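Undergrad: What follows is run_38.cif, mmCIF, C-alpha atoms.
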```
data_model
loop_
_atom_site.label_atom_id
_atom_site.label_comp_id
_atom_site.auth_asym_id
_atom_site.auth_seq_id
_atom_site.Cartn_x
_atom_site.Cartn_y
_atom_site.Cartn_z
CA MET A 12 71.16 90.06 18.83
CA ASN A 13 68.15 87.76 19.02
CA GLN A 14 64.74 88.67 20.37
CA VAL A 15 63.25 86.80 23.32
CA ILE A 16 59.62 87.35 24.32
CA ILE A 17 57.98 86.25 27.58
CA ARG A 18 54.17 86.11 27.73
CA ILE A 19 51.56 85.21 30.32
CA LEU A 20 48.30 84.11 28.71
CA ASN A 21 44.93 83.04 30.06
CA GLN A 22 43.00 79.90 29.07
CA ASP A 23 41.49 81.69 26.06
CA GLY A 24 44.92 82.68 24.75
CA THR A 25 44.53 86.34 25.68
CA VAL A 26 47.87 87.92 26.61
CA LYS A 27 47.85 89.23 30.17
CA LEU A 28 51.37 90.62 30.00
CA GLU A 29 54.26 90.50 27.53
CA GLN A 30 57.87 91.57 27.72
CA ALA A 31 60.42 91.49 24.89
CA GLY A 32 64.17 91.96 24.95
CA GLN A 33 67.30 91.34 22.98
CA ASN A 34 69.05 88.12 24.07
CA HIS A 35 67.49 88.51 27.53
CA SER A 36 64.05 89.31 28.86
CA GLU A 37 62.66 89.67 32.35
CA LEU A 38 58.98 90.02 33.21
CA VAL A 39 57.34 90.96 36.49
CA TRP A 40 53.65 90.08 36.72
CA TYR A 41 51.60 91.87 39.36
CA GLY A 42 48.60 89.60 39.64
CA SER A 43 47.44 86.15 40.68
CA TYR A 44 47.51 83.17 38.34
CA GLU A 45 44.22 81.51 37.49
CA PRO A 46 43.49 77.97 36.27
CA GLY A 47 44.25 77.74 32.57
CA ASP A 48 46.97 80.39 32.62
CA ARG A 49 50.17 79.52 30.82
CA ILE A 50 53.65 80.91 30.36
CA GLU A 51 55.17 81.14 26.90
CA VAL A 52 58.65 82.13 25.82
CA GLN A 53 59.30 82.83 22.14
CA LEU A 54 62.85 82.24 20.91
CA LYS A 55 64.51 81.38 17.63
CA ALA A 56 64.27 77.74 16.56
CA GLY A 57 67.12 75.36 17.34
CA CYS A 58 68.62 77.35 20.20
CA PHE A 59 69.71 76.91 23.80
CA ALA A 60 68.18 79.08 26.50
CA ARG A 61 67.99 79.43 30.26
CA ILE A 62 64.48 79.94 31.62
CA GLN A 63 63.21 80.56 35.14
CA ALA A 64 59.41 80.36 35.40
CA ASP A 65 59.22 80.95 39.15
CA THR A 66 61.75 82.04 41.76
CA LEU A 67 61.17 78.80 43.73
CA ILE A 68 62.05 76.55 40.79
CA ALA A 69 65.62 76.24 39.55
CA PRO A 70 66.39 77.78 36.16
CA ALA A 71 66.28 75.27 33.31
CA LEU A 72 68.89 75.03 30.57
CA ILE A 73 66.84 73.88 27.60
CA TYR A 74 67.11 73.26 23.87
CA THR A 75 64.08 74.24 21.83
CA ALA A 76 63.58 72.75 18.40
CA ASP A 77 60.79 75.07 17.26
CA GLY A 78 61.59 78.17 19.29
CA THR A 79 58.59 78.04 21.63
CA PHE A 80 58.53 77.16 25.33
CA ARG A 81 55.07 76.54 26.83
CA PHE A 82 54.34 75.87 30.49
CA GLU A 83 50.85 75.59 31.96
CA VAL A 84 50.69 77.05 35.46
CA PRO A 85 49.89 74.08 37.75
CA PHE A 86 46.80 73.93 39.93
CA GLY A 87 45.14 71.20 41.98
CA ARG A 88 46.75 67.76 41.78
CA ALA A 89 49.21 69.01 39.15
CA LYS A 90 50.64 71.39 41.76
CA GLU A 91 51.72 68.49 44.01
CA ALA A 92 54.89 67.99 41.95
CA TYR A 93 56.08 71.56 42.64
CA PRO A 94 56.81 73.67 45.73
CA GLN A 95 53.41 74.61 47.14
CA GLU A 96 54.41 78.29 47.37
CA ALA A 97 55.44 78.40 43.70
CA PHE A 98 53.13 80.29 41.32
CA THR A 99 51.24 81.79 44.28
CA GLY A 100 50.96 85.32 45.59
CA PRO A 101 50.51 88.68 43.86
CA VAL A 102 53.98 89.14 42.30
CA HIS A 103 55.81 86.82 39.89
CA GLN A 104 59.24 87.20 38.28
CA LEU A 105 60.11 85.32 35.07
CA THR A 106 63.42 85.34 33.21
CA ALA A 107 64.57 83.97 29.86
CA GLU A 108 67.85 84.38 28.00
CA TYR A 109 69.76 82.87 25.13
CA VAL A 110 72.91 80.94 25.99
CA ASP A 111 75.69 79.58 23.83
CA LYS A 112 75.82 75.88 23.09
CA PRO A 113 77.22 74.41 26.30
CA ALA A 114 80.84 73.29 26.14
CA GLY A 115 82.36 70.36 27.99
CA ARG A 116 80.93 67.37 29.78
CA ARG A 117 77.76 67.89 31.82
CA TYR A 118 74.40 66.42 32.79
CA LEU A 119 72.52 66.39 29.50
CA SER A 120 69.22 65.24 30.97
CA GLU A 121 68.26 67.74 33.67
CA ASN A 122 65.22 69.96 33.12
CA PRO A 123 63.24 71.30 36.12
CA LEU A 124 60.66 72.73 33.68
CA ASP A 125 59.95 69.60 31.67
CA VAL A 126 56.22 69.18 30.99
CA ARG A 127 53.97 66.17 30.55
CA GLY A 128 52.74 65.45 27.04
CA GLU A 129 53.95 66.72 23.69
CA THR A 130 56.68 69.35 23.56
CA ALA A 131 59.53 70.54 21.37
CA VAL A 132 61.57 71.59 24.41
CA TYR A 133 64.35 69.29 25.58
CA PRO A 134 65.47 67.39 27.57
CA HIS A 135 62.06 65.74 27.83
CA CYS A 136 61.09 62.58 29.69
CA THR A 137 58.15 60.29 28.88
CA ALA A 138 57.03 56.86 30.03
CA SER A 139 54.69 54.16 28.78
CA ILE A 140 52.78 54.37 32.07
CA GLU A 141 52.54 56.78 35.00
CA THR A 142 51.10 55.45 38.24
CA ARG A 143 47.41 56.41 38.46
CA GLY A 144 48.20 59.35 36.18
CA GLU A 145 49.31 61.39 39.19
CA SER A 146 51.72 64.30 38.77
CA VAL A 147 53.88 63.14 41.70
CA PHE A 148 54.61 59.91 39.79
CA ALA A 149 55.11 61.46 36.35
CA ALA A 150 58.12 60.66 34.19
CA ARG A 151 59.18 64.34 34.18
CA ASN A 152 59.97 64.10 37.90
CA THR A 153 63.01 61.93 37.16
CA ILE A 154 64.88 64.76 35.40
CA ASP A 155 63.87 67.69 37.64
CA GLY A 156 67.22 67.70 39.45
CA LEU A 157 65.90 66.65 42.88
CA LEU A 158 67.87 63.80 44.46
CA LEU A 159 65.75 63.28 47.59
CA THR A 160 65.13 59.53 47.56
CA SER A 161 63.95 58.68 51.08
CA GLY A 162 60.26 59.60 50.69
CA HIS A 163 57.40 59.50 48.21
CA GLY A 164 54.31 61.51 47.36
CA PHE A 165 54.29 65.29 47.44
CA TRP A 166 57.19 67.55 46.35
CA PRO A 167 60.10 67.29 46.98
CA TYR A 168 59.69 63.50 47.11
CA THR A 169 58.53 63.08 43.52
CA SER A 170 59.36 59.97 41.51
CA TRP A 171 58.26 57.56 38.78
CA GLY A 172 57.16 53.94 39.12
CA GLU A 173 56.31 51.24 36.61
CA GLY A 174 52.75 50.76 37.86
CA GLU A 175 53.41 47.01 38.20
CA ASP A 176 53.62 46.81 34.41
CA PRO A 177 56.35 44.34 33.33
CA ASP A 178 56.62 46.11 29.97
CA ALA A 179 57.02 49.62 31.39
CA GLU A 180 59.58 51.91 29.74
CA ILE A 181 60.87 55.40 30.48
CA VAL A 182 62.72 57.56 27.95
CA ILE A 183 64.77 60.77 27.95
CA TRP A 184 64.61 62.65 24.65
CA PHE A 185 67.27 65.20 23.67
CA GLY A 186 65.79 66.61 20.46
CA ARG A 187 69.20 66.58 18.78
CA ASP A 188 72.32 64.40 18.54
CA VAL A 189 74.37 64.36 21.75
CA LEU A 190 77.42 62.37 22.86
CA VAL A 191 76.77 60.17 25.90
CA ASP A 192 79.22 58.17 28.04
CA GLU A 193 77.53 57.52 31.42
CA VAL A 194 74.13 57.05 33.07
CA GLN A 195 73.53 57.62 36.79
CA VAL A 196 70.51 56.10 38.55
CA PHE A 197 68.93 57.18 41.86
CA LEU A 198 66.33 54.69 43.06
CA ARG A 199 63.62 55.74 45.48
CA SER A 200 64.55 54.38 48.90
CA ASP A 201 61.50 54.85 51.09
CA PHE A 202 62.04 51.43 52.65
CA PRO A 203 60.16 49.35 53.76
CA HIS A 204 57.35 50.98 51.74
CA ASP A 205 59.45 50.55 48.61
CA ASN A 206 60.81 47.59 46.75
CA TYR A 207 63.69 48.12 44.32
CA TRP A 208 64.73 46.95 40.86
CA LYS A 209 67.59 44.47 40.86
CA GLU A 210 68.08 44.75 37.12
CA ALA A 211 67.12 46.92 34.16
CA LEU A 212 68.22 47.48 30.58
CA LEU A 213 69.48 50.76 29.16
CA THR A 214 68.78 51.09 25.42
CA PHE A 215 70.17 53.88 23.26
CA SER A 216 68.89 55.28 19.97
CA ASP A 217 71.99 54.04 18.10
CA GLY A 218 71.14 50.43 19.02
CA TYR A 219 73.58 50.02 21.91
CA GLU A 220 72.22 48.22 24.99
CA LEU A 221 73.65 48.08 28.49
CA PRO A 222 72.21 45.67 31.10
CA ILE A 223 72.58 47.14 34.59
CA ARG A 224 72.48 45.54 38.03
CA LEU A 225 71.15 47.73 40.80
CA GLU A 226 71.53 47.74 44.58
CA LYS A 227 69.01 48.52 47.30
CA THR A 228 70.11 52.09 47.91
CA GLY A 229 69.01 55.63 47.16
CA GLY A 230 72.58 56.66 46.44
CA CYS A 231 74.06 57.30 43.03
CA GLN A 232 74.60 54.16 40.96
CA SER A 233 76.79 54.93 37.98
CA PHE A 234 77.07 52.97 34.73
CA SER A 235 79.75 53.77 32.15
CA LEU A 236 79.15 53.00 28.50
CA ASP A 237 81.69 51.03 26.47
CA GLN A 238 82.50 54.22 24.57
CA GLU A 239 80.99 57.60 23.76
CA HIS A 240 77.72 57.10 21.84
CA GLU A 241 75.97 59.60 19.57
CA VAL A 242 72.27 59.37 20.42
CA THR A 243 68.98 61.26 20.40
CA TRP A 244 67.34 59.33 23.25
CA VAL A 245 68.05 56.93 26.11
CA LYS A 246 65.51 54.39 27.39
CA MET A 247 65.31 52.29 30.56
CA ARG A 248 63.22 49.09 30.40
CA LYS A 249 63.02 45.41 31.36
CA PHE A 250 62.82 46.24 35.05
CA LYS A 251 63.16 43.30 37.42
CA LYS A 252 62.25 43.94 41.05
CA ASP A 253 63.29 41.94 44.10
CA GLU A 254 60.85 39.02 44.19
CA ASN A 255 61.65 38.39 47.88
CA ASP A 256 60.46 41.85 48.92
CA PRO A 257 56.69 41.97 49.68
CA SER A 258 56.38 45.60 48.56
CA PRO A 259 55.04 46.07 44.99
CA PHE A 260 56.45 49.61 44.74
CA PRO A 261 59.91 50.04 43.21
CA ALA A 262 60.45 53.57 41.87
CA LEU A 263 62.95 55.90 40.26
CA THR A 264 63.66 59.28 41.83
CA GLN A 265 66.17 60.56 39.28
CA TRP A 266 68.40 59.49 36.43
CA ARG A 267 71.17 61.47 34.82
CA VAL A 268 72.62 61.07 31.37
CA CYS A 269 76.17 62.40 31.23
CA GLY A 270 78.06 63.56 28.15
CA ARG A 271 78.51 66.56 25.88
CA GLU A 272 77.12 68.35 22.89
CA LYS A 273 78.05 67.01 19.49
#
```
What would the structure in this file look like if it were written as structure tokens?

TA:
Amino acid sequence: MNQVIIRILNQDGTVKLEQAGQNHSELVWYGSYEPGDRIEVQLKAGCFARIQADTLIAPALIYTADGTFRFEVPFGRAKEAYPQEAFTGPVHQLTAEYVDKPAGRRYLSENPLDVRGETAVYPHCTASIETRGESVFAARNTIDGLLLTSGHGFWPYTSWGEGEDPDAEIVIWFGRDVLVDEVQVFLRSDFPHDNYWKEALLTFSDGYELPIRLEKTGGCQSFSLDQEHEVTWVKMRKFKKDENDPSPFPALTQWRVCGREK
């Protein structure tokens, strides 16, 4: 049996409420969140867990390297990347539980609770640039599990764009060695507002590179690797947009890395 602790803390680090359990913990907070509040879950290091921070956000299957999950409750512009009813009201239910290392092939990249900035919780997505620094164009949006490609701006039409930077890169980090065999790409398709990338380059931590050609569609575009690769991260870069399209706004709604645990 392993202990799991859920805490709600204010901006000064004072614990508002804490609940501990063995292998599983569930907390009900009767109160309203305030700016600066954060959610923390304490687990053992190097484990898999399933965490639900709000009933309106899908549970996240995560791997934590250091045993600590931290999530700052979003307010203001940060809230635009989440359901507007999430984290509101006088009652909040949070759940966390240990899970066994997942078996079989799955989406290794999905994490609805990924955060911007430094973290030891995976999968985690970062980018060299995020358009205007806005939450609705943050790298984390591309692994939140939402496949709605026909709009842009507020949730659920969140995405990531390269900010017209020819050297832009976006990376999914796994925090451990995983075995990868496929990448799926979902381009944002809010045409004619959007342009699209005709080409990009997938680069893997083991040195393997896969040039990909993309079509003007918001549907799933799948790219199989030459074999199963053992990697710790996957990067997309060298984006080339359609030069005949007057729009300067190509964007990525979601990308999925498929494979299995080592």

Undergrad: Neighbourhood query: residues within 7 Å of (49.6, 64.1, 48.8), file coordinates, counting all atoms listed in the file; return as a count of residues only.

TA: 3

Undergrad: List the neighbours of Asp256 in chain A out to 9 Å using only C-alpha atoms; skip same-chain residues closer than 2 positions along the sequence, and give me the result as a PyMOL selection string.

TA: chain A and resi 203+205-207+252-254+258-259

Undergrad: Counting all atoms listed in the file, which of A:Ile19, A:Ala149, A:Leu190, A:Ala179 gets nearest to Ala114 in chain A?

TA: A:Leu190

Undergrad: From the list A:Glu29, A:Glu45, A:Asp77, A:Asp155, which residue is nearest Gly186 in chain A when using only C-alpha atoms?

TA: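 Of all the options, A:Asp77 lies closest to Gly186 in chain A.
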
Undergrad: Could you tell me, as an MDAnalysis selection string, exactly which residues end up selected when the PyMOL selection byres ((chain A and resi 200) around 8) is applied to this structure?

TA: chainID A and resid 160:162 198:199 201:202 205 207 227:229

Undergrad: Name the residues that the PyMOL selection byres ((chain A and resi 225) around 6) picks from the file above, as JSON, numbers by chain, using the file's chain letters and numbers.

TA: {"A": [209, 210, 224, 226]}

Undergrad: Range 79-105 of chain A near range 66-73 of chain A within 9 Å: what's each residue's closest atom pair and its distance in Å to one decimal, counting only C-alpha atoms, ordered by chain then ascending residue number, as CSV?

TA:
```
residue,atom,partner,partner_atom,distance
A:Tyr93,CA,A:Ile68,CA,8.0
A:Pro94,CA,A:Leu67,CA,7.0
A:Glu96,CA,A:Leu67,CA,7.7
A:Ala97,CA,A:Leu67,CA,5.7
A:Phe98,CA,A:Leu67,CA,8.5
A:His103,CA,A:Thr66,CA,7.9
A:Gln104,CA,A:Thr66,CA,6.7
A:Leu105,CA,A:Thr66,CA,7.6
```

Undergrad: So the first atom is CA of Lys246 in chain A and the second is CA of Val191 in chain A; what is the distance between them in Å, to one decimal place?

TA: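 CA of Val191 in chain A lies at a distance of 12.7 Å from CA of Lys246 in chain A.
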
Undergrad: I'd like a table as CSV: residues in range 153-175 of chain A with an atom no more than 7 Å from range 125-144 of chain A, each row giving the shortest atom pair and its distance in Å to one decimal, all atoms listed in the file counted, sorted by chain and rising residue number.

TA:
```
residue,atom,partner,partner_atom,distance
A:Trp171,CA,A:Glu141,CA,6.9
A:Gly172,CA,A:Thr142,CA,6.3
A:Glu173,CA,A:Ile140,CA,6.5
A:Gly174,CA,A:Thr142,CA,5.0
```

Undergrad: Which value, in Å to one decimal, gives the distance between CA of Asp188 in chain A and CA of Met12 in chain A?

TA: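 Separation between CA of Asp188 in chain A and CA of Met12 in chain A: 25.7 Å.
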
Undergrad: Rounded to one decimal place, report the CA of Lys55 in chain A-CA of Val110 in chain A distance in Å.

TA: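 Straight-line distance from CA of Lys55 in chain A to CA of Val110 in chain A works out to 11.9 Å.
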
Undergrad: Between A:Gln14, A:Ser233, A:Asn255, A:Gln238, which residue has the minimum interatomic distance to Trp208 in chain A, considering all atoms listed in the file?

TA: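 Counting all atoms listed in the file, the residue closest to Trp208 in chain A is A:Asn255.
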
Undergrad: Some atoms are missing, so please complete range 214-237 of chain A with N, CA and C atoms and return it as a compact mmCIF listing (two decimals), in the coordinates of the input.

TA:
```
# COMPACT_ATOMS: atom_id res chain seq x y z
N THR A 214 68.76 51.19 26.88
CA THR A 214 68.78 51.09 25.42
C THR A 214 68.98 52.48 24.86
N PHE A 215 69.83 52.59 23.84
CA PHE A 215 70.17 53.88 23.26
C PHE A 215 69.72 53.93 21.79
N SER A 216 69.47 55.13 21.30
CA SER A 216 68.89 55.28 19.97
C SER A 216 69.79 54.74 18.85
N ASP A 217 71.08 54.58 19.12
CA ASP A 217 71.99 54.04 18.10
C ASP A 217 72.02 52.51 18.10
N GLY A 218 71.21 51.88 18.97
CA GLY A 218 71.14 50.43 19.02
C GLY A 218 71.93 49.80 20.14
N TYR A 219 72.77 50.55 20.81
CA TYR A 219 73.58 50.02 21.91
C TYR A 219 72.68 49.70 23.11
N GLU A 220 72.96 48.60 23.79
CA GLU A 220 72.22 48.22 24.99
C GLU A 220 73.19 47.90 26.12
N LEU A 221 72.80 48.29 27.32
CA LEU A 221 73.65 48.08 28.49
C LEU A 221 72.80 47.52 29.63
N PRO A 222 72.90 46.21 29.92
CA PRO A 222 72.21 45.67 31.10
C PRO A 222 72.86 46.24 32.36
N ILE A 223 72.04 46.59 33.34
CA ILE A 223 72.58 47.14 34.59
C ILE A 223 72.03 46.36 35.77
N ARG A 224 72.88 46.17 36.76
CA ARG A 224 72.48 45.54 38.03
C ARG A 224 72.47 46.63 39.09
N LEU A 225 71.38 46.67 39.84
CA LEU A 225 71.15 47.73 40.80
C LEU A 225 71.18 47.20 42.23
N GLU A 226 71.50 48.08 43.16
CA GLU A 226 71.53 47.74 44.58
C GLU A 226 70.42 48.45 45.31
N LYS A 227 70.10 47.95 46.49
CA LYS A 227 69.01 48.52 47.30
C LYS A 227 69.54 49.73 48.06
N THR A 228 69.58 50.85 47.35
CA THR A 228 70.11 52.09 47.91
C THR A 228 69.53 53.27 47.15
N GLY A 229 69.43 54.41 47.82
CA GLY A 229 69.01 55.63 47.16
C GLY A 229 70.18 56.45 46.68
N GLY A 230 71.39 55.95 46.89
CA GLY A 230 72.58 56.66 46.44
C GLY A 230 72.79 56.55 44.95
N CYS A 231 73.76 57.29 44.47
CA CYS A 231 74.06 57.30 43.03
C CYS A 231 74.65 55.97 42.60
N GLN A 232 74.06 55.37 41.57
CA GLN A 232 74.60 54.16 40.96
C GLN A 232 74.97 54.51 39.52
N SER A 233 76.26 54.43 39.24
CA SER A 233 76.79 54.93 37.98
C SER A 233 77.14 53.79 37.03
N PHE A 234 76.82 53.99 35.75
CA PHE A 234 77.07 52.97 34.73
C PHE A 234 77.73 53.62 33.53
N SER A 235 78.99 53.23 33.28
CA SER A 235 79.75 53.77 32.15
C SER A 235 79.46 52.96 30.89
N LEU A 236 79.34 53.67 29.78
CA LEU A 236 79.15 53.00 28.50
C LEU A 236 80.49 52.48 27.99
N ASP A 237 80.45 51.59 27.01
CA ASP A 237 81.69 51.03 26.47
C ASP A 237 82.51 52.06 25.73
```
